[in-house]
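Shown next, in structure tokens, is the structure this report addresses.
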Amino acid sequence: MSDTTANSIAGNSSDSPSIRALLTSGLWSNNPALVQLLGLCPLLAVSNTAINGLSLGIATAFTVFLSNISVSVCRKFILADIRIPIYVILISGIVTMIGLLMSAYAHEMYLRLGIFVPLIITNCAILARAESFASKNNVFASAVDGIATGAGFALVLVALGATRELIGQGTLFADAHLLFGTSTSTPLIDLGEQYQGLLIAILPPGAFILFGLLLVLKNLSTTKP
Amino acid sequence: MKLKPRHLPINRHGLVLGCFALLVTGALAMTQALTENRISLNETAQREKVLAQVLPDQWADHPLDQHKTELYDEKTGLTRTCYITKVNGSATAVIITATATDGYSGDINMLVGILRDGSITGVRVTKHSETPGLGDAIEVLRSEWIKSFDGKTLSSPIESGWTVRKNNGAFDQFTGATITPRAVVNEVKNTLQFFNSVKTELFSL
């Protein structure tokens with residue numbers, strides 16, 4: 001928000017910003033979750049474990065990548081007055097297609113991620129990228145921006161998910177087999193039976209509190225003393 | 001007559017929006033047509049896989065000969081789907097759908113496999129929305145707990161034992177969660193009682 005690079009990137013430009021600038025912006029300086037505070041509904045709802053966060057992160061990153069490309073391809077035909085309905089048509093079409101294709105060709109994964117896929121449509125971070133970037137830049141830059149934004153969002157999801165899981169349940173990356181399809185898996189960290197877990201971290205209030213603390217950390221790291 | 005540019009948009013807006021809607025609908029229809037068969041095959045395979053899970057392992061090698069029927073359960077007021085399973089030509093077991101409505105959040109859908117003699121071959125949760133990290137230990141992927149029903153009947157444990165240990169029952173609860181396992185245990189008991197009341201009817205089909 002206060003970041004000047006982010007604003008100049010988002011602005012109308014005939015020459016596209018460098019890949020490096022795009023990646024820094026999406027991942028850190030203009031991170032959709034930590035800086036723009038977009039897409040908090042799915043972010044807070046599905047970040048109760050690291051694996052849940054990673055699952056939604058992957059699905060979201062893929063969607064913002066494809067939606068950025070398609071908006072950029074169509075940008076010459078999109079009239080300014082009706083751009084929002086057009087974006088919504090494109091994005092919901094993409095999300096539905098991803099759902100169908102996953103169900104057909106990766107059914108196991110669809111059963112695990114299935115509930116997260118419709119949630120992606122509610123993520124306004126995707127609409128924001130279409131509006132502020134993809135509609136003004138070429139296809140390549142939009143694709144890179146999609147990857148950077150998606151990865152930035154996924155990173156916050158995993159960070160929040162890992163924190164909530166570790167505090168609430170005493171494990172880290174438990175149930176990885178639900179995502180990767182192996183039959184069983186052991187958590188990366190397991191504090192053992194003695195650790196009772198702080199229940200609130202897993203429940204919705206914990207999501208708000210810990211996300212607030214993440215924001216504090218992000219702001220501390222970017223504010224010059 | 002030549003229209004001034006500012007008169008054009010309304011028509012053009014509709015046209016452009018219509019074109020996009022048509023394009024996306026077309027793409028969706030195409031994707032659906034292309035994936036329809038595979039999706040329904042996948043769903044059938046998945047359903048059979050789940051059904052096979054509540055039956056003894058040694059039956060897994062044979063293709064199951066199953067006959068589906070729907071029966072009304074007067075006690076819970078729900079219609080239950082029953083899959084009568086034949087092994088070597090004779091009806092040996094039945095898989096009954098069950099729904100626990102008194103869980104912590106929302107319905108818990110389950111499948112209960114029961115042998116002809118009334119003993120449980122397996123219980124699996126097919127759908128639920130219990131608290132992640134607490135109530136979701138009813139899933140077989142997360143905990144072995146659900147397997148504690150294997151081999152149980154209505155008389156073993158005795159009726160008062162069909163609840164969680166906290167209420168002096170025979171089944172463990174989870175750390176921090178009692179409501180979810182209690183609801184599951186209770187519904188499995190209901191399903192067994194339902195089985196007893198329709199047993200003769202089921203196996204004569």
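The chains in the structure tokens are called A, B, ... from first to last as shown; in each chain the residues are counted from 1, and the ligands are counted from 1 in the order shown.
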Each residue of chain A with at least one atom at most 7 Å from chain B should appear once, together with its nearest atom pair and the corresponding distance in Å (one decimal); atoms considered: only C-alpha atoms; ordering: chain, then increasing residue number; output as CSV.
residue,atom,partner,partner_atom,distance
A:Ile82,CA,B:His13,CA,6.8
A:Ile86,CA,B:Leu17,CA,6.5
A:Ile89,CA,B:Ala21,CA,6.6
A:Leu90,CA,B:Val24,CA,6.7
A:Gly93,CA,B:Val24,CA,6.0
A:Met97,CA,B:Leu28,CA,6.3
A:Leu100,CA,B:Thr35,CA,6.8
A:Leu101,CA,B:Thr35,CA,6.7
A:Ser103,CA,B:Ile39,CA,5.9
A:Ala104,CA,B:Ile39,CA,4.6
A:His107,CA,B:Asn42,CA,6.6
A:Gln169,CA,B:Gly133,CA,6.7
Write down as a tab-separated table (two decimals) with N, CA and C atoms, in the first residue's frame the residues of range 73-176 of chain B whose backbone DSSP state falls under helix (DSSP H, G or I).
chain	number	residue	atom	x	y	z
B	135	GLY	N	-12.09	-33.55	15.92
B	135	GLY	CA	-13.13	-34.51	15.59
B	135	GLY	C	-12.81	-35.33	14.35
B	136	ASP	N	-11.87	-34.84	13.52
B	136	ASP	CA	-11.64	-35.55	12.27
B	136	ASP	C	-10.83	-36.83	12.44
B	137	ALA	N	-10.54	-37.21	13.69
B	137	ALA	CA	-9.89	-38.49	13.93
B	137	ALA	C	-10.83	-39.66	13.64
B	138	ILE	N	-12.09	-39.37	13.29
B	138	ILE	CA	-13.00	-40.44	12.89
B	138	ILE	C	-12.67	-40.92	11.48
B	145	TRP	N	-9.05	-45.26	15.06
B	145	TRP	CA	-10.18	-45.35	15.97
B	145	TRP	C	-11.39	-46.04	15.36
B	146	ILE	N	-11.73	-45.69	14.13
B	146	ILE	CA	-12.96	-46.19	13.50
B	146	ILE	C	-12.93	-47.71	13.39
B	147	LYS	N	-11.72	-48.30	13.43
B	147	LYS	CA	-11.62	-49.76	13.32
B	147	LYS	C	-12.00	-50.46	14.62
B	148	SER	N	-12.20	-49.69	15.70
B	148	SER	CA	-12.57	-50.32	16.96
B	148	SER	C	-13.98	-50.90	16.91
B	149	PHE	N	-14.73	-50.61	15.83
B	149	PHE	CA	-16.06	-51.20	15.69
B	149	PHE	C	-16.02	-52.61	15.12
B	159	GLU	N	-25.69	-53.27	25.81
B	159	GLU	CA	-26.29	-52.02	25.36
B	159	GLU	C	-25.73	-50.77	26.04
B	160	SER	N	-25.52	-50.83	27.37
B	160	SER	CA	-25.05	-49.64	28.06
B	160	SER	C	-23.61	-49.31	27.69
B	161	GLY	N	-22.92	-50.26	27.06
B	161	GLY	CA	-21.54	-50.02	26.65
B	161	GLY	C	-21.42	-49.30	25.32
B	165	ARG	N	-16.05	-43.89	26.67
B	165	ARG	CA	-15.59	-44.23	28.03
B	165	ARG	C	-16.02	-43.21	29.08
B	166	LYS	N	-16.06	-41.95	28.66
B	166	LYS	CA	-16.45	-40.88	29.58
B	166	LYS	C	-17.82	-41.15	30.18
B	167	ASN	N	-18.71	-41.80	29.38
B	167	ASN	CA	-20.04	-42.16	29.87
B	167	ASN	C	-20.09	-43.64	30.24
Using only C-alpha atoms for the distances, tell me which of A:Ile69, A:Ala125, A:Leu111, A:Ala159 is nearest to Gln36 in chain A.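 Ranking A:Ile69, A:Ala125, A:Leu111, A:Ala159 by distance to Gln36 in chain A, first place goes to A:Ala125.
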Closest of A:Leu23, A:Val35, A:Val71, A:Thr149 to Asn219 in chain A - atom-to-atom distances counting only C-alpha atoms: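 Going through A:Leu23, A:Val35, A:Val71, A:Thr149 one by one, the smallest distance to Asn219 in chain A is for A:Val35.
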Close residues, Leu43 in chain A itself excluded, 12 Å, only C-alpha atoms, min 5 positions apart in chain, as a PyMOL selection string: chain A and resi 32-34+37-38+48-50+52-57+60+116+119-120+122-125+153-161+204+207-208+210-211
All residues 6 Å or closer to range 137-144 of chain A, only C-alpha atoms, same chain fewer than 5 positions away omitted, as number ranges by chain: A: 65, 68-69, 72
Residues near Asn196 in chain B, cut-off 12 Å, only C-alpha atoms, skip fewer than 6 positions along chain, as a VMD selection string: chain B and resid 73 94 114 to 119 153 to 155 189 to 190 202 to 203
Give me a file of those residues, with C-alpha atoms, as a PDB file, in the first residue's frame.
ATOM      1  CA  ASP B  73     -35.857 -46.368   9.183  1.00  0.00           C
ATOM      2  CA  VAL B  94     -25.014 -55.862   3.900  1.00  0.00           C
ATOM      3  CA  ILE B 114     -22.697 -55.935   8.789  1.00  0.00           C
ATOM      4  CA  LEU B 115     -22.466 -59.704   8.424  1.00  0.00           C
ATOM      5  CA  ARG B 116     -25.570 -61.877   8.362  1.00  0.00           C
ATOM      6  CA  ASP B 117     -25.014 -62.806  12.027  1.00  0.00           C
ATOM      7  CA  GLY B 118     -25.148 -59.135  13.064  1.00  0.00           C
ATOM      8  CA  SER B 119     -21.443 -58.502  13.628  1.00  0.00           C
ATOM      9  CA  THR B 153     -22.421 -56.668  17.805  1.00  0.00           C
ATOM     10  CA  LEU B 154     -25.460 -55.328  19.644  1.00  0.00           C
ATOM     11  CA  SER B 155     -24.815 -57.768  22.503  1.00  0.00           C
ATOM     12  CA  LYS B 189     -25.769 -48.637  17.373  1.00  0.00           C
ATOM     13  CA  ASN B 190     -28.889 -47.246  15.643  1.00  0.00           C
ATOM     14  CA  LEU B 202     -33.098 -57.704   3.479  1.00  0.00           C
ATOM     15  CA  PHE B 203     -31.836 -61.208   2.975  1.00  0.00           C
TER      16      PHE B 203
END
Using DSSP on the backbone coordinates, identify all residues within range 2-205 of chain B classified as strand (DSSP E or B); present the result as a ChimeraX atom specification. /B:65-73,78-87,90-100,108-115,120-127,164,171,174,177
For range 126-128 of chain B, find every residue with an atom within 6 Å (counting only C-alpha atoms), except residues of its own chain fewer than 2 positions away, and show them as a VMD selection string. chain B and resid 108 to 110 130
Mind dumping the selected residues with N, CA and C atoms as a short mmCIF file (atom, residue, chain, number, x, y, z; two decimals), in the first residue's frame?
data_model
loop_
_atom_site.label_atom_id
_atom_site.label_comp_id
_atom_site.auth_asym_id
_atom_site.auth_seq_id
_atom_site.Cartn_x
_atom_site.Cartn_y
_atom_site.Cartn_z
N ILE B 108 -22.68 -36.38 9.95
CA ILE B 108 -21.56 -37.27 9.69
C ILE B 108 -22.11 -38.46 8.90
N ASN B 109 -21.71 -38.58 7.65
CA ASN B 109 -22.19 -39.68 6.81
C ASN B 109 -21.24 -40.87 6.92
N MET B 110 -21.84 -42.06 7.08
CA MET B 110 -21.00 -43.24 7.27
C MET B 110 -21.55 -44.41 6.47
N GLU B 130 -16.46 -32.15 10.90
CA GLU B 130 -16.04 -31.98 12.30
C GLU B 130 -14.76 -31.15 12.36
#
Atom-to-atom span, CA of Arg182 in chain B and CA of Gly103 in chain B, Å: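 Result for CA of Arg182 in chain B versus CA of Gly103 in chain B: 8.0 Å, one decimal.
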Could you pull the residues within 12 Å of Leu78 in chain B, counting only C-alpha atoms, minus those fewer than 3 positions along the same chain, as a PDB file with N, CA and C atoms, in the first residue's frame?
ATOM      1  N   GLU B  70     -33.453 -49.435  -1.027  1.00  0.00           N
ATOM      2  CA  GLU B  70     -33.642 -48.347  -0.073  1.00  0.00           C
ATOM      3  C   GLU B  70     -34.746 -48.714   0.911  1.00  0.00           C
ATOM      4  N   LEU B  71     -34.454 -48.533   2.183  1.00  0.00           N
ATOM      5  CA  LEU B  71     -35.454 -48.866   3.201  1.00  0.00           C
ATOM      6  C   LEU B  71     -35.602 -47.701   4.174  1.00  0.00           C
ATOM      7  N   TYR B  72     -36.836 -47.526   4.670  1.00  0.00           N
ATOM      8  CA  TYR B  72     -37.117 -46.434   5.601  1.00  0.00           C
ATOM      9  C   TYR B  72     -36.868 -46.881   7.038  1.00  0.00           C
ATOM     10  N   ASP B  73     -36.131 -46.060   7.778  1.00  0.00           N
ATOM     11  CA  ASP B  73     -35.857 -46.368   9.183  1.00  0.00           C
ATOM     12  C   ASP B  73     -36.794 -45.536  10.053  1.00  0.00           C
ATOM     13  N   GLU B  74     -37.735 -46.211  10.726  1.00  0.00           N
ATOM     14  CA  GLU B  74     -38.746 -45.472  11.496  1.00  0.00           C
ATOM     15  C   GLU B  74     -38.155 -44.746  12.683  1.00  0.00           C
ATOM     16  N   LYS B  75     -37.124 -45.321  13.291  1.00  0.00           N
ATOM     17  CA  LYS B  75     -36.577 -44.724  14.512  1.00  0.00           C
ATOM     18  C   LYS B  75     -35.908 -43.378  14.231  1.00  0.00           C
ATOM     19  N   THR B  81     -29.817 -46.467   2.450  1.00  0.00           N
ATOM     20  CA  THR B  81     -29.509 -47.287   1.287  1.00  0.00           C
ATOM     21  C   THR B  81     -28.772 -48.529   1.767  1.00  0.00           C
ATOM     22  N   ILE B  96     -24.843 -50.663   5.013  1.00  0.00           N
ATOM     23  CA  ILE B  96     -25.954 -49.743   5.233  1.00  0.00           C
ATOM     24  C   ILE B  96     -25.418 -48.323   5.414  1.00  0.00           C
ATOM     25  N   THR B  97     -26.058 -47.358   4.776  1.00  0.00           N
ATOM     26  CA  THR B  97     -25.652 -45.976   4.970  1.00  0.00           C
ATOM     27  C   THR B  97     -26.201 -45.473   6.305  1.00  0.00           C
ATOM     28  N   ALA B  98     -25.419 -44.630   6.978  1.00  0.00           N
ATOM     29  CA  ALA B  98     -25.835 -44.098   8.265  1.00  0.00           C
ATOM     30  C   ALA B  98     -25.469 -42.626   8.342  1.00  0.00           C
ATOM     31  N   THR B  99     -26.298 -41.846   9.019  1.00  0.00           N
ATOM     32  CA  THR B  99     -26.015 -40.423   9.178  1.00  0.00           C
ATOM     33  C   THR B  99     -26.180 -40.031  10.638  1.00  0.00           C
ATOM     34  N   ALA B 100     -25.088 -39.615  11.272  1.00  0.00           N
ATOM     35  CA  ALA B 100     -25.176 -39.123  12.644  1.00  0.00           C
ATOM     36  C   ALA B 100     -25.464 -37.635  12.578  1.00  0.00           C
ATOM     37  N   THR B 101     -26.587 -37.212  13.187  1.00  0.00           N
ATOM     38  CA  THR B 101     -26.965 -35.806  13.077  1.00  0.00           C
ATOM     39  C   THR B 101     -26.568 -35.010  14.312  1.00  0.00           C
ATOM     40  N   GLU B 187     -24.793 -43.636  16.437  1.00  0.00           N
ATOM     41  CA  GLU B 187     -25.408 -43.894  15.140  1.00  0.00           C
ATOM     42  C   GLU B 187     -25.095 -45.314  14.659  1.00  0.00           C
ATOM     43  N   ASN B 190     -27.602 -47.377  16.337  1.00  0.00           N
ATOM     44  CA  ASN B 190     -28.889 -47.246  15.643  1.00  0.00           C
ATOM     45  C   ASN B 190     -28.933 -48.110  14.400  1.00  0.00           C
ATOM     46  N   THR B 191     -27.800 -48.108  13.659  1.00  0.00           N
ATOM     47  CA  THR B 191     -27.760 -48.860  12.410  1.00  0.00           C
ATOM     48  C   THR B 191     -27.894 -50.357  12.677  1.00  0.00           C
ATOM     49  N   PHE B 194     -31.439 -51.055  13.440  1.00  0.00           N
ATOM     50  CA  PHE B 194     -32.182 -51.021  12.179  1.00  0.00           C
ATOM     51  C   PHE B 194     -31.978 -52.336  11.424  1.00  0.00           C
TER      52      PHE B 194
END
For Phe195 in chain B, which of B:Ala183, B:Lys68, B:Val50, B:Gly113 is the closest residue, counting only C-alpha atoms? B:Gly113
